[in-house]
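Engineer: Have a look at this one.
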Amino acid sequence: FMSREGVHSRTEDEWMAEFYEALSSGITKAGSAIELRKSLPEYTPGMVPPGIPDRLFLGTPGKKEEFSALLRSLQESTEDDALVTSILWNSPKTRDISREWGLEFVNKRVVAARTKPEPVRENPTLPAPEAVVTSEKSQNDTETGSFLTPEEQGTVENTRTFLDSYLEATNTKGFTNVNYVPPVAWTCLSMAFGRSAFIPLAKTLEMNLWFITMGESTTGKGTEDGFFRSVLNLVMKDEADAYYSLGALSSPDGMHLSLLQRDGLPSIIHNDEAADFFRDIRGGKDWMTALPDKLSKWYDGYVEPSSKISLKDYKGKDARTSLNQLMWGTPDRMLELMDASQFQSGYLARVNWVWDTTKPDPDRKFNLKIQPGRKAETSQETYDVAIDLIFARAVHTERVGVDATAEAQDRLNKAANDFHAHARKFERYDFFKPAVDRLVMETTWKLASLVALYRGDTTFDLTDALIAVYYGSEWLKTLIRVASSISESPYSRDVEEMERFIRGSGGSVTEPTLLHHFRGKIVRSKRELMDRIEF
């Protein structure tokens with residue numbers, strides 16, 4: 001608390017009170033671990049059940065995967081949870097990771113694993129790989145659209161990440177659209193580690209990620225967003241008085257003030273209907289039209305001072321942030337509000353796209369059921385995900401620069417060249433090139449870093465880079481699809497829409513009918529609409 005700055009600082013005469021406040025909070029949160037520690041049998045190597053290989057509990061400290069492996073083996077050999085907890089807490093292999101997590105958390109995992117065994121290494125968020133032509137030409141030129149070799153694809157599939165834990169947890173709510181899991185899981189990671197680390201490239205990168213996820217109604221967007229909100233509330237709600245979610249429909253000044261209040265903390269712009277946001281910034285509300293330019297500046301982590309009187313006590317102050325974005329939308333509403341100029345201006349060039357192509361079944365039969373025994377409004381699985389993130393974040397007590405192995409950096413650079421080579425084949429490459437640049441120069445590096453940070457490392461390796469290439473390549477394909485589905489400008493988009501209406505009306509309509517149908521396109525003057533009709 002003595003190193004706090006800005007809105008988080010306190011005067012010297014309050015330091016002692018703050019110290020006791022922190023001490024009391026620590027006892028409240030972790031005091032019960034004292035009695036739990038007393039109930040555990042004293043550890044000796046001889047207490048490990050016969051048949052457990054020495055490599056699982058002896059040797060140099062291991063990582064989370066080795067903790068899970070030892071836990072699985074112990075529970076196959078004994079029913080004594082106190083014995084298992086003691087071994088995990090004290091053995092050389094798992095002691096360090098256990099002390100990072102805390103005794104109560106370790107015991108909770110032991111007890112929970114009786115009913116929900118520790119998973120083996122697998123990656124259920126990834127679809128089965130399509131058949132890939134493995135000739136040298138297809139791999140180098142990305143003729144097939146695949147950016148990983150079969151061996152690299154296998155490495156990604158057999159590497160467990162936070163996304164697997166998230167999917168397993170969200171599956172318990174009854175219905176999960178796996179296409180919606182990656183953007184929300186990556187956003188959870190990004191929020192958890194925002195401002196905890198940075199990537200020291202030529203331009204320093206924050207850990208933030210921007211997503212727009214599209215899908216039809218009734219395909220699971222709402223249920224996935226609800227689970228995501230619950231997790232994020234548990235992870236982020238105690239960080240500051242200013243709420244971590246800025247509100248996508250807030251005024252630019254309101255967002256600016258919130259970011260100044262959250263100096264040094266991650267924030268998010270979160271909206272369950274992105275079409276409303278895009279309609280406002282397109283001209284529906286004059287005071288929103290400047291927001292895209294502001295967001296582009298805040299994306300890099302710096303919140304500039306403001307001279308506006310409306311910001312009161314924060315006038316002239318600046319801040320640092322890691323600003324995330326997650327919006328949901330339906331394709332038909334979203335695409336009609338976007339155009340090429342938004343990519344070229346910089347705002348949409350920073351967005352990663354997810355587009356679920358599921359078509360709702362009009363004859364779907366409903367089978368809703370009450371979850372038996374459920375008493376709490378928030379599910380236990382939500383707490384499990386939140387606790388996992390909180391403890392993973394706690395490993396990094398100071399803001400650090402993420403490093404990378406040489407082969408990992410080489411692999412990301414190779415992928416960058418492959419991504420651009422693939423994108424150049426498409427007609428609109430010139431206007432979505434800035435988005436490809438951001439994807440390969442920023443997003444993939446952030447993904448690899450987040451995988452490593454969650455694991456407890458500050459250096460990402462080749463496997464982390466391959467995971468980043470996999471997800472980045474999926475978002476590249478979606479970016480190209482989005483770019484091919486929108487108009488070149490707002491004007492041409494309106495004209496195309498009118499032409500479709502006239503064709504659909506048999507080839508001709510009366511002028512009053514046309515004026516009435518498209519009256520919503522008038523922002524300031526009816527001349528705007530007449531200009532398009534005359535064209």
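Residue names in the structure tokens use chain letters A, B, ... in the order shown, residue numbers from 1 in each chain, and ligand numbers from 1 in the order shown.
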Can you list, as a ChimeraX atom specification, every protein, DNA or RNA residue that comes within 6 Å of Asp318 of chain A when you count only C-alpha atoms, leaving out same-chain residues fewer than 5 positions away?

Structural biologist: /A:303-305

Engineer: With only C-alpha atoms as the counted atoms, please give the residues lying no more than 9 Å from Tyr299 of chain A, apart from itself and same-chain residues fewer than 6 positions off, as a PyMOL selection string.

Structural biologist: chain A and resi 206+208-210+321-324+350

Engineer: Name the residues of segment 236-305 of chain A that come out as helix (DSSP H, G or I) in a backbone DSSP run; write them as a ChimeraX atom specification.

Structural biologist: /A:236,252-261,274-284,286-288,291-298

Engineer: Please save N, CA, C and O atoms of the selected residues as a short mmCIF file (atom, residue, chain, number, x, y, z; two decimals), in the first residue's frame.

Structural biologist:
data_model
loop_
_atom_site.label_atom_id
_atom_site.label_comp_id
_atom_site.auth_asym_id
_atom_site.auth_seq_id
_atom_site.Cartn_x
_atom_site.Cartn_y
_atom_site.Cartn_z
N MET A 236 -13.09 -9.60 -10.70
CA MET A 236 -12.75 -8.19 -10.82
C MET A 236 -13.47 -7.25 -9.87
O MET A 236 -13.06 -6.11 -9.72
N PRO A 252 -18.52 9.13 -24.43
CA PRO A 252 -17.06 9.13 -24.42
C PRO A 252 -16.48 9.75 -23.14
O PRO A 252 -15.51 9.25 -22.59
N ASP A 253 -17.11 10.83 -22.65
CA ASP A 253 -16.62 11.46 -21.42
C ASP A 253 -16.81 10.53 -20.22
O ASP A 253 -15.96 10.48 -19.32
N GLY A 254 -17.92 9.79 -20.22
CA GLY A 254 -18.16 8.85 -19.12
C GLY A 254 -17.13 7.74 -19.10
O GLY A 254 -16.63 7.35 -18.03
N MET A 255 -16.81 7.21 -20.28
CA MET A 255 -15.77 6.17 -20.36
C MET A 255 -14.41 6.73 -19.93
O MET A 255 -13.64 6.07 -19.23
N HIS A 256 -14.13 7.95 -20.39
CA HIS A 256 -12.85 8.58 -20.07
C HIS A 256 -12.70 8.72 -18.56
O HIS A 256 -11.64 8.38 -17.99
N LEU A 257 -13.74 9.18 -17.88
CA LEU A 257 -13.69 9.34 -16.43
C LEU A 257 -13.49 8.00 -15.73
O LEU A 257 -12.68 7.88 -14.80
N SER A 258 -14.21 6.96 -16.20
CA SER A 258 -14.07 5.63 -15.58
C SER A 258 -12.65 5.11 -15.71
O SER A 258 -12.10 4.52 -14.78
N LEU A 259 -12.03 5.32 -16.86
CA LEU A 259 -10.65 4.86 -17.07
C LEU A 259 -9.67 5.62 -16.17
O LEU A 259 -8.71 5.04 -15.65
N LEU A 260 -9.91 6.92 -15.98
CA LEU A 260 -9.05 7.68 -15.08
C LEU A 260 -9.19 7.19 -13.64
O LEU A 260 -8.22 7.14 -12.88
N GLN A 261 -10.42 6.81 -13.27
CA GLN A 261 -10.65 6.29 -11.92
C GLN A 261 -10.03 4.90 -11.72
O GLN A 261 -9.71 4.53 -10.60
N ALA A 274 -24.15 -5.52 -30.10
CA ALA A 274 -23.19 -4.60 -30.71
C ALA A 274 -23.83 -3.69 -31.75
O ALA A 274 -23.31 -2.60 -32.02
N ALA A 275 -24.94 -4.12 -32.34
CA ALA A 275 -25.57 -3.31 -33.38
C ALA A 275 -25.97 -1.94 -32.84
O ALA A 275 -25.86 -0.93 -33.54
N ASP A 276 -26.42 -1.88 -31.58
CA ASP A 276 -26.80 -0.59 -30.99
C ASP A 276 -25.59 0.34 -30.91
O ASP A 276 -25.69 1.54 -31.17
N PHE A 277 -24.45 -0.23 -30.53
CA PHE A 277 -23.21 0.55 -30.43
C PHE A 277 -22.82 1.10 -31.79
O PHE A 277 -22.50 2.29 -31.94
N PHE A 278 -22.84 0.26 -32.82
CA PHE A 278 -22.42 0.70 -34.14
C PHE A 278 -23.41 1.69 -34.75
O PHE A 278 -23.02 2.58 -35.49
N ARG A 279 -24.68 1.55 -34.42
CA ARG A 279 -25.66 2.51 -34.92
C ARG A 279 -25.41 3.89 -34.31
O ARG A 279 -25.52 4.91 -34.98
N ASP A 280 -25.02 3.90 -33.03
CA ASP A 280 -24.76 5.18 -32.38
C ASP A 280 -23.51 5.86 -32.94
O ASP A 280 -23.51 7.07 -33.20
N ILE A 281 -22.43 5.10 -33.13
CA ILE A 281 -21.20 5.74 -33.60
C ILE A 281 -21.27 6.07 -35.08
O ILE A 281 -20.50 6.90 -35.58
N ARG A 282 -22.22 5.46 -35.79
CA ARG A 282 -22.38 5.77 -37.21
C ARG A 282 -23.05 7.13 -37.40
O ARG A 282 -22.92 7.75 -38.45
N GLY A 283 -23.75 7.61 -36.40
CA GLY A 283 -24.41 8.91 -36.53
C GLY A 283 -25.73 8.99 -35.82
O GLY A 283 -26.39 10.03 -35.83
N GLY A 284 -26.13 7.89 -35.17
CA GLY A 284 -27.38 7.91 -34.45
C GLY A 284 -27.36 8.89 -33.28
O GLY A 284 -28.37 9.47 -32.91
N ASP A 286 -24.87 12.12 -32.07
CA ASP A 286 -23.73 12.94 -32.49
C ASP A 286 -22.55 12.83 -31.53
O ASP A 286 -21.40 12.80 -31.95
N TRP A 287 -22.83 12.76 -30.23
CA TRP A 287 -21.75 12.75 -29.25
C TRP A 287 -21.03 11.41 -29.18
O TRP A 287 -20.03 11.28 -28.47
N MET A 288 -21.50 10.40 -29.95
CA MET A 288 -20.83 9.09 -29.96
C MET A 288 -19.90 8.94 -31.17
O MET A 288 -19.10 8.01 -31.22
N LEU A 291 -16.16 8.49 -30.64
CA LEU A 291 -15.70 7.42 -29.76
C LEU A 291 -14.70 6.46 -30.42
O LEU A 291 -13.72 6.07 -29.78
N PRO A 292 -14.89 6.03 -31.68
CA PRO A 292 -13.92 5.10 -32.27
C PRO A 292 -12.49 5.60 -32.23
O PRO A 292 -11.56 4.83 -31.96
N ASP A 293 -12.30 6.90 -32.48
CA ASP A 293 -10.93 7.45 -32.43
C ASP A 293 -10.37 7.40 -31.01
O ASP A 293 -9.19 7.11 -30.80
N LYS A 294 -11.22 7.67 -30.02
CA LYS A 294 -10.77 7.59 -28.63
C LYS A 294 -10.41 6.16 -28.25
O LYS A 294 -9.40 5.90 -27.60
N LEU A 295 -11.24 5.21 -28.67
CA LEU A 295 -10.98 3.81 -28.35
C LEU A 295 -9.65 3.36 -28.96
O LEU A 295 -8.90 2.60 -28.34
N SER A 296 -9.38 3.81 -30.17
CA SER A 296 -8.13 3.43 -30.82
C SER A 296 -6.93 3.91 -30.02
O SER A 296 -5.90 3.22 -29.93
N LYS A 297 -7.03 5.09 -29.40
CA LYS A 297 -5.93 5.60 -28.58
C LYS A 297 -5.82 4.81 -27.26
O LYS A 297 -4.73 4.48 -26.82
N TRP A 298 -6.96 4.54 -26.65
CA TRP A 298 -6.95 3.83 -25.36
C TRP A 298 -6.50 2.39 -25.51
O TRP A 298 -6.02 1.78 -24.57
#

Engineer: Would you list the contacts of segment 481-483 of chain A as a ChimeraX atom specification, taking every protein, DNA or RNA residue within 12 Å and counting only C-alpha atoms, but skipping same-chain residues closer than 3 positions in sequence?

Structural biologist: /A:212-214,331-332,334-336,338-344,348-349,351-357,423,426-436,474-478,486-489

Engineer: Tell me, as a list in words, which residues lie within 6 Å of segment 77-83 of chain A, counting only C-alpha atoms; anything in the same chain fewer than 3 positions away does not count.

Structural biologist: Leu40, Leu74 and Ser86 of chain A

Engineer: Can you tell me how far atom CA of Tyr166 of chain A sits from atom CA of Leu56 of chain A, in Å to one decimal?

Structural biologist: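 Taking atom CA of Tyr166 of chain A and atom CA of Leu56 of chain A, their separation equals 25.9 Å.
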
Engineer: Using Å and a single decimal, report how far atom CA of Ile87 of chain A sits from atom CA of Glu42 of chain A.

Structural biologist: 9.1 Å

Engineer: Output as a list of chain:residue names all residues of segment 266-458 of chain A that backbone DSSP marks as strand (DSSP E).

Structural biologist: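 Going through segment 266-458 of chain A, the strand (DSSP E) residues come out as A:Pro266, A:Ser267, A:Ile268, A:Ile269, A:His270, A:Asn271, A:Tyr302, A:Val303, A:Ala319, A:Arg320, A:Thr321, A:Ser322, A:Leu323, A:Asn324, A:Gln325, A:Leu326, A:Met327, A:Trp328, A:Gly329, A:Asn352, A:Trp353, A:Val354, A:Trp355, A:Val400, A:Gly401, A:Asp403, A:Ala404.
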
Engineer: Near segment 367-373 of chain A, within 12 Å and counting only C-alpha atoms, which residues show up once chain neighbours fewer than 3 positions away are dropped, as a PyMOL selection string?

Structural biologist: chain A and resi 172-175+364+376-377+379-380

Engineer: With C-alpha atoms kept, could you save the residues just selected as a PDB file, in the first residue's frame?

Structural biologist:
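Resulting contents of again.pdb:
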ATOM      1  CA  THR A 172     -22.269 -27.891 -16.650  1.00  0.00           C
ATOM      2  CA  LYS A 173     -24.925 -25.244 -17.308  1.00  0.00           C
ATOM      3  CA  GLY A 174     -26.750 -27.541 -19.720  1.00  0.00           C
ATOM      4  CA  PHE A 175     -25.972 -26.048 -23.131  1.00  0.00           C
ATOM      5  CA  ARG A 364     -36.438 -27.517 -31.952  1.00  0.00           C
ATOM      6  CA  ALA A 376     -27.015 -20.805  -4.866  1.00  0.00           C
ATOM      7  CA  GLU A 377     -27.694 -18.321  -7.661  1.00  0.00           C
ATOM      8  CA  SER A 379     -22.936 -22.068  -9.716  1.00  0.00           C
ATOM      9  CA  GLN A 380     -19.982 -23.757  -8.054  1.00  0.00           C
TER      10      GLN A 380
END

Engineer: Find the residue from A:Glu21, A:Glu66, A:Asp410, A:Glu224 that sits nearest to Ala169 of chain A; use only C-alpha atoms when measuring.

Structural biologist: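 Closest to Ala169 of chain A of all the choices is A:Glu224.
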
Engineer: Need to verify the contact set: Asn107 of chain A, 10 Å, only C-alpha atoms, exclusion of same-chain residues closer than 6 positions in sequence. Can you return it as a ChimeraX atom specification?

Structural biologist: /A:33,36,81-82,84-86,88-89,98,113

Engineer: Save out the residues we just selected, N, CA, C and O atoms, as a tab-separated table (two decimals), in the first residue's frame.

Structural biologist:
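Written file, again_15.tsv:
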chain	number	residue	atom	x	y	z
A	33	ALA	N	-7.46	-21.80	7.15
A	33	ALA	CA	-6.38	-22.71	6.75
A	33	ALA	C	-5.56	-23.16	7.96
A	33	ALA	O	-4.91	-24.21	7.92
A	36	LEU	N	-7.16	-26.28	9.24
A	36	LEU	CA	-6.97	-27.33	8.25
A	36	LEU	C	-5.55	-27.87	8.32
A	36	LEU	O	-5.34	-29.08	8.26
A	81	ASP	N	-8.35	-38.20	2.10
A	81	ASP	CA	-8.13	-36.89	1.48
A	81	ASP	C	-7.11	-36.06	2.26
A	81	ASP	O	-6.38	-35.27	1.68
A	82	ALA	N	-7.08	-36.22	3.58
A	82	ALA	CA	-6.11	-35.47	4.39
A	82	ALA	C	-4.68	-35.91	4.05
A	82	ALA	O	-3.77	-35.08	3.96
A	84	VAL	N	-3.72	-37.20	1.14
A	84	VAL	CA	-3.44	-36.70	-0.21
A	84	VAL	C	-3.07	-35.21	-0.16
A	84	VAL	O	-2.10	-34.77	-0.79
A	85	THR	N	-3.84	-34.44	0.63
A	85	THR	CA	-3.56	-33.00	0.74
A	85	THR	C	-2.17	-32.75	1.33
A	85	THR	O	-1.42	-31.89	0.86
A	86	SER	N	-1.81	-33.51	2.34
A	86	SER	CA	-0.52	-33.34	2.99
A	86	SER	C	0.62	-33.61	2.00
A	86	SER	O	1.62	-32.89	1.97
A	88	LEU	N	0.53	-33.44	-1.34
A	88	LEU	CA	0.55	-32.39	-2.36
A	88	LEU	C	1.12	-31.09	-1.80
A	88	LEU	O	1.81	-30.34	-2.48
A	89	TRP	N	0.83	-30.81	-0.53
A	89	TRP	CA	1.26	-29.57	0.10
A	89	TRP	C	2.77	-29.58	0.40
A	89	TRP	O	3.41	-28.53	0.38
A	98	SER	N	1.64	-25.57	-4.85
A	98	SER	CA	0.63	-25.61	-3.80
A	98	SER	C	0.69	-24.37	-2.93
A	98	SER	O	-0.34	-23.80	-2.56
A	113	ALA	N	-12.00	-33.58	-6.71
A	113	ALA	CA	-11.54	-34.59	-7.68
A	113	ALA	C	-12.16	-35.96	-7.42
A	113	ALA	O	-12.09	-36.84	-8.28
